[in-house]
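Here's final.csv, which has CSV, C-alpha atoms:
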chain,number,residue,atom,x,y,z
B,1,MET,CA,49.2,-78.2,-87.7
B,2,GLU,CA,47.8,-80.4,-85.0
B,3,ILE,CA,45.0,-81.5,-87.3
B,4,LEU,CA,47.4,-82.4,-90.0
B,5,GLN,CA,49.5,-84.2,-87.6
B,6,ILE,CA,46.7,-86.3,-86.2
B,7,LEU,CA,45.4,-87.0,-89.7
B,8,TRP,CA,48.9,-88.4,-90.6
B,9,GLU,CA,49.5,-90.3,-87.4
B,10,ARG,CA,46.1,-92.0,-87.5
B,11,ARG,CA,45.7,-92.2,-91.2
B,12,ASP,CA,44.6,-95.8,-91.2
B,13,PHE,CA,41.7,-95.0,-88.8
B,14,PHE,CA,40.6,-92.0,-90.9
B,15,LEU,CA,40.9,-93.9,-94.1
B,16,THR,CA,38.7,-96.6,-92.8
B,17,CYS,CA,36.2,-94.0,-91.5
B,18,LEU,CA,36.2,-92.2,-94.8
B,19,LEU,CA,35.5,-95.3,-96.9
B,20,GLU,CA,32.7,-96.2,-94.5
B,21,HIS,CA,31.3,-92.7,-94.8
B,22,ILE,CA,31.4,-92.9,-98.6
B,23,ARG,CA,29.6,-96.2,-98.5
B,24,ILE,CA,26.8,-95.1,-96.2
B,25,SER,CA,26.4,-91.7,-98.0
B,26,PHE,CA,26.4,-93.1,-101.5
B,27,THR,CA,23.9,-95.8,-100.6
B,28,ALA,CA,21.6,-93.2,-99.2
B,29,VAL,CA,22.2,-90.9,-102.2
B,30,ALA,CA,21.3,-93.8,-104.6
B,31,CYS,CA,18.1,-94.6,-102.6
B,32,ALA,CA,17.0,-91.0,-102.2
B,33,GLY,CA,17.8,-90.2,-105.8
B,34,ALA,CA,15.9,-93.1,-107.3
B,35,LEU,CA,12.9,-92.7,-105.0
B,36,GLY,CA,12.9,-88.9,-105.2
B,37,ILE,CA,13.0,-88.8,-109.0
B,38,LEU,CA,10.2,-91.4,-109.2
B,39,ILE,CA,8.0,-89.4,-106.7
B,40,GLY,CA,8.7,-86.2,-108.6
B,41,VAL,CA,7.7,-87.7,-111.9
B,42,VAL,CA,4.5,-89.2,-110.5
B,43,ILE,CA,3.3,-86.0,-108.8
B,44,SER,CA,4.1,-84.0,-111.9
B,45,ARG,CA,1.4,-86.0,-113.6
B,46,HIS,CA,-1.0,-85.7,-110.7
B,47,LYS,CA,-0.7,-82.1,-109.6
B,48,LYS,CA,-3.5,-82.3,-107.1
B,49,ALA,CA,-1.5,-84.8,-105.1
B,50,ALA,CA,1.7,-82.7,-105.4
B,51,GLY,CA,0.9,-80.3,-102.6
B,52,ILE,CA,0.0,-83.2,-100.3
B,53,VAL,CA,3.1,-85.2,-101.0
B,54,LEU,CA,5.5,-82.2,-100.8
B,55,GLY,CA,3.7,-81.1,-97.6
B,56,ILE,CA,4.3,-84.5,-96.0
B,57,ILE,CA,8.0,-84.5,-97.0
B,58,ASN,CA,8.3,-81.0,-95.6
B,59,VAL,CA,6.9,-82.1,-92.3
B,60,ILE,CA,9.3,-85.1,-92.1
B,61,TYR,CA,12.2,-82.8,-93.0
B,62,THR,CA,11.4,-80.7,-89.9
B,63,ILE,CA,11.9,-83.6,-87.6
B,64,PRO,CA,15.3,-83.3,-85.8
B,65,SER,CA,17.7,-86.0,-87.0
B,66,ILE,CA,18.3,-87.4,-83.6
B,67,SER,CA,14.6,-87.8,-83.0
B,68,LEU,CA,14.2,-89.5,-86.4
B,69,LEU,CA,16.9,-91.9,-85.5
B,70,GLY,CA,15.2,-92.5,-82.1
B,71,PHE,CA,12.0,-93.4,-83.9
B,72,LEU,CA,13.8,-95.8,-86.3
B,73,ILE,CA,15.9,-97.7,-83.8
B,74,PRO,CA,13.0,-99.8,-82.4
B,75,LEU,CA,12.1,-100.7,-86.0
B,76,THR,CA,15.4,-101.3,-87.7
B,77,GLY,CA,17.9,-101.5,-84.8
B,78,ILE,CA,21.2,-99.7,-84.6
B,79,GLY,CA,24.0,-99.6,-87.3
B,80,ASN,CA,24.4,-98.7,-90.9
B,81,LYS,CA,20.9,-99.7,-92.0
B,82,THR,CA,19.1,-97.2,-89.8
B,83,ALA,CA,21.6,-94.5,-90.7
B,84,VAL,CA,20.9,-95.1,-94.5
B,85,ILE,CA,17.2,-95.0,-94.0
B,86,ALA,CA,17.3,-91.8,-92.0
B,87,LEU,CA,19.7,-90.1,-94.5
B,88,THR,CA,17.5,-91.3,-97.4
B,89,VAL,CA,14.4,-89.8,-95.8
B,90,TYR,CA,16.2,-86.4,-95.3
B,91,GLY,CA,17.5,-86.5,-98.8
B,92,LEU,CA,14.1,-86.7,-100.4
B,93,LEU,CA,12.9,-83.1,-100.2
B,94,PRO,CA,15.4,-81.4,-102.5
B,95,ILE,CA,15.3,-84.0,-105.2
B,96,VAL,CA,11.5,-84.5,-105.2
B,97,ARG,CA,10.9,-80.7,-105.2
B,98,ASN,CA,13.4,-80.0,-108.0
B,99,THR,CA,12.3,-82.9,-110.1
B,100,TYR,CA,8.7,-81.8,-109.8
B,101,THR,CA,9.6,-78.1,-110.5
B,102,GLY,CA,11.7,-79.0,-113.5
B,103,LEU,CA,9.1,-81.2,-115.1
B,104,VAL,CA,6.1,-78.9,-114.7
B,105,ASN,CA,8.0,-75.9,-116.0
B,106,VAL,CA,8.9,-77.4,-119.3
B,107,ASP,CA,7.7,-75.1,-122.1
B,108,ALA,CA,4.1,-76.2,-123.0
B,109,SER,CA,4.6,-75.3,-126.7
B,110,ILE,CA,7.4,-77.8,-127.0
B,111,LEU,CA,5.1,-80.5,-125.5
B,112,GLU,CA,2.3,-79.5,-127.9
B,113,VAL,CA,4.7,-79.9,-130.9
B,114,ALA,CA,5.8,-83.3,-129.6
B,115,GLU,CA,2.1,-84.4,-129.2
B,116,GLY,CA,1.3,-83.1,-132.7
B,117,LEU,CA,4.1,-85.3,-134.1
B,118,GLY,CA,2.5,-88.3,-132.5
B,119,ALA,CA,4.8,-88.8,-129.4
B,120,ASP,CA,3.1,-90.7,-126.6
B,121,LYS,CA,3.4,-89.7,-122.9
B,122,ARG,CA,6.3,-92.0,-122.2
B,123,GLN,CA,8.3,-90.7,-125.2
B,124,ILE,CA,7.6,-87.1,-124.2
B,125,LEU,CA,8.7,-87.8,-120.6
B,126,SER,CA,12.0,-89.7,-121.6
B,127,GLY,CA,12.8,-87.7,-124.7
B,128,ILE,CA,11.7,-84.1,-123.8
B,129,ARG,CA,10.6,-83.4,-120.3
B,130,LEU,CA,13.3,-85.2,-118.3
B,131,PRO,CA,16.2,-83.9,-120.5
B,132,LEU,CA,14.9,-80.3,-120.3
B,133,ALA,CA,14.4,-80.6,-116.6
B,134,LEU,CA,17.8,-82.2,-116.1
B,135,PRO,CA,19.7,-79.1,-115.0
B,136,VAL,CA,17.1,-78.4,-112.3
B,137,ILE,CA,17.1,-82.0,-111.2
B,138,ILE,CA,20.9,-82.0,-110.9
B,139,SER,CA,20.7,-78.9,-108.8
B,140,GLY,CA,18.4,-80.6,-106.4
B,141,PHE,CA,20.7,-83.7,-106.5
B,142,ARG,CA,23.6,-81.5,-105.5
B,143,ASN,CA,21.8,-80.2,-102.5
B,144,MET,CA,20.8,-83.7,-101.5
B,145,VAL,CA,24.3,-85.1,-101.8
B,146,VAL,CA,25.9,-82.3,-99.7
B,147,MET,CA,23.2,-82.6,-97.1
B,148,ILE,CA,23.5,-86.4,-96.8
B,149,ILE,CA,27.3,-86.3,-96.6
B,150,ALA,CA,27.2,-83.6,-93.9
B,151,MET,CA,24.4,-85.4,-91.9
B,152,GLY,CA,26.3,-88.7,-92.2
B,153,GLY,CA,28.3,-87.6,-89.3
B,154,ILE,CA,25.4,-88.5,-86.9
B,155,ALA,CA,25.6,-92.2,-88.0
B,156,SER,CA,28.2,-93.0,-85.3
B,157,PHE,CA,25.7,-92.0,-82.6
B,158,ILE,CA,23.6,-95.1,-83.4
B,159,GLY,CA,26.5,-97.5,-83.8
B,160,ALA,CA,27.1,-97.0,-87.5
B,161,GLY,CA,30.5,-96.2,-89.1
B,162,GLY,CA,31.8,-93.2,-91.0
B,163,LEU,CA,33.7,-90.1,-90.1
B,164,GLY,CA,31.2,-89.4,-87.4
B,165,ALA,CA,33.1,-92.0,-85.4
B,166,ALA,CA,36.1,-89.7,-85.2
B,167,ILE,CA,33.9,-86.8,-84.1
B,168,TYR,CA,32.1,-88.9,-81.5
B,169,ARG,CA,35.4,-90.4,-80.2
B,170,GLY,CA,36.9,-86.9,-80.0
B,171,ILE,CA,33.9,-85.6,-78.0
B,172,THR,CA,33.9,-88.5,-75.6
B,173,THR,CA,37.7,-88.3,-75.0
B,174,TYR,CA,37.8,-84.5,-74.9
B,175,ASN,CA,40.1,-84.5,-77.9
B,176,MET,CA,39.0,-81.5,-79.9
B,177,THR,CA,41.7,-82.1,-82.5
B,178,LEU,CA,40.3,-85.5,-83.3
B,179,THR,CA,36.8,-83.9,-83.6
B,180,ALA,CA,38.0,-81.1,-85.8
B,181,ALA,CA,39.9,-83.6,-88.1
B,182,GLY,CA,36.7,-85.7,-88.6
B,183,SER,CA,34.6,-82.5,-89.2
B,184,LEU,CA,37.2,-81.2,-91.7
B,185,LEU,CA,37.2,-84.5,-93.7
B,186,ILE,CA,33.4,-84.5,-93.9
B,187,ALA,CA,33.4,-80.9,-95.1
B,188,LEU,CA,36.1,-81.6,-97.7
B,189,PHE,CA,34.2,-84.7,-98.9
B,190,ALA,CA,31.0,-82.7,-99.3
B,191,LEU,CA,32.7,-79.8,-101.1
B,192,PHE,CA,34.5,-82.1,-103.5
B,193,SER,CA,31.2,-84.0,-104.3
B,194,ASP,CA,29.4,-80.7,-104.8
B,195,TRP,CA,32.2,-79.5,-107.2
B,196,LEU,CA,31.9,-82.6,-109.3
B,197,LEU,CA,28.2,-82.3,-109.5
B,198,SER,CA,28.4,-78.6,-110.4
B,199,LYS,CA,30.4,-79.7,-113.5
B,200,ALA,CA,27.7,-82.1,-114.4
B,201,GLU,CA,25.0,-79.4,-113.9
B,202,LYS,CA,26.9,-77.0,-116.2
B,203,ALA,CA,27.4,-79.7,-118.8
B,204,ALA,CA,23.7,-80.5,-118.7
B,205,GLY,CA,22.9,-76.8,-119.1
B,206,ARG,CA,25.1,-76.4,-122.1
B,207,ARG,CA,23.8,-79.6,-123.6
B,208,TYR,CA,20.2,-78.4,-123.6
B,209,GLY,CA,20.9,-74.7,-124.0
B,210,ILE,CA,19.9,-73.8,-120.4
B,211,GLU,CA,22.1,-71.6,-118.3
Rewritten as structure tokens:
Amino acid sequence: MEILQILWERRDFFLTCLLEHIRISFTAVACAGALGILIGVVISRHKKAAGIVLGIINVIYTIPSISLLGFLIPLTGIGNKTAVIALTVYGLLPIVRNTYTGLVNVDASILEVAEGLGADKRQILSGIRLPLALPVIISGFRNMVVMIIAMGGIASFIGAGGLGAAIYRGITTYNMTLTAAGSLLIALFALFSDWLLSKAEKAAGRRYGIE
């Protein structure tokens, strides 16, 4: 009840924080999604480089988020820009890995038929490999989105906005209700986003006959 009460009494504050959290998260999602899919496509064509690239991304992923922010601050300062860069970096692993996995596991016989019909590499990629890999790519995209939204709460610790501001303010003022309210909104936002993407994943699976 206390959480609901504070959410209502300070609804303008929470709405502002939520909108800022959405903006930061979606910017990072767009950047990580575009870059991750591009990297996944490239390494699927150069499999010798795939292990190196995925290894590098894995190593970066193991760096604690606070440490990564600390490394970035001297380069990009504090605020939303640094938060977006950090969240983009953390979001790369699932989308790169799933894009690569989805593309390299397309049935080779289908590709042979397409080549026999005269399709070039670009046509095969856009018309066959990417559509068939789409459910796997969306699965990685789901993981990325949930992770970025959840980790967006750390943005306030470097002067950025978002729902982390409510958590940070609650911690510094010993107001656990405020902290819990901010955490609850982040969790609900992440779960809602994951639910929407699960519908897209199922639709893609039905479209291409993949369960």
Please produce, as a Markdown table, a per-residue contact table for region 66-132 of chain B versus region 14-29 of chain B (criterion: any atom at most 12 Å away, only C-alpha atoms considered), showing the nearest atom pair and its distance in Å to one decimal, sorted by chain then residue number.
| residue | atom | partner | partner_atom | distance |
| --- | --- | --- | --- | --- |
| B:Gly79 | CA | B:Ile24 | CA | 10.4 |
| B:Asn80 | CA | B:Ile24 | CA | 6.8 |
| B:Lys81 | CA | B:Ile24 | CA | 8.6 |
| B:Thr82 | CA | B:Ile24 | CA | 10.2 |
| B:Ala83 | CA | B:Ile24 | CA | 7.6 |
| B:Val84 | CA | B:Ala28 | CA | 5.1 |
| B:Ile85 | CA | B:Ala28 | CA | 7.0 |
| B:Ala86 | CA | B:Ala28 | CA | 8.5 |
| B:Leu87 | CA | B:Ala28 | CA | 5.9 |
| B:Thr88 | CA | B:Ala28 | CA | 4.9 |
| B:Val89 | CA | B:Ala28 | CA | 8.7 |
| B:Tyr90 | CA | B:Ala28 | CA | 9.5 |
| B:Gly91 | CA | B:Val29 | CA | 7.3 |
| B:Leu92 | CA | B:Val29 | CA | 9.3 |
| B:Pro94 | CA | B:Val29 | CA | 11.7 |
| B:Ile95 | CA | B:Val29 | CA | 10.2 |
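Between Val41 (chain B) and the candidates B:Tyr100, B:Phe157, B:Tyr174, B:Trp8, the tightest atom-to-atom separation, counting all atoms listed in the file, involves B:Tyr100.
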One-decimal distance in Å that lies between CA of Val42 (chain B) and CA of Asp120 (chain B): 16.2 Å
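From CA of Thr177 (chain B) back to CA of Glu2 (chain B), the distance works out to 6.8 Å.
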Please identify every residue of region 116-193 of chain B that has at least one atom no farther than 10 Å from an atom of region 58-78 of chain B, counting only C-alpha atoms, and for each give the shortest atom pair and the distance in Å to one decimal, arranged by chain then increasing number, as a tab-separated table.
residue	atom	partner	partner_atom	distance
B:Met151	CA	B:Ser65	CA	8.3
B:Ile154	CA	B:Ile66	CA	7.9
B:Ala155	CA	B:Leu69	CA	9.1
B:Ser156	CA	B:Ile78	CA	9.7
B:Phe157	CA	B:Ile66	CA	8.8
B:Ile158	CA	B:Ile78	CA	5.3
B:Gly159	CA	B:Ile78	CA	5.8
B:Ala160	CA	B:Ile78	CA	7.1
Centre and size of axis-aligned box enclosing region 89-94 of chain B plus 6 Å each side, as JSON:
{"center_x": 15.2, "center_y": -85.6, "center_z": -98.9, "size_x": 16.6, "size_y": 20.4, "size_z": 19.2}
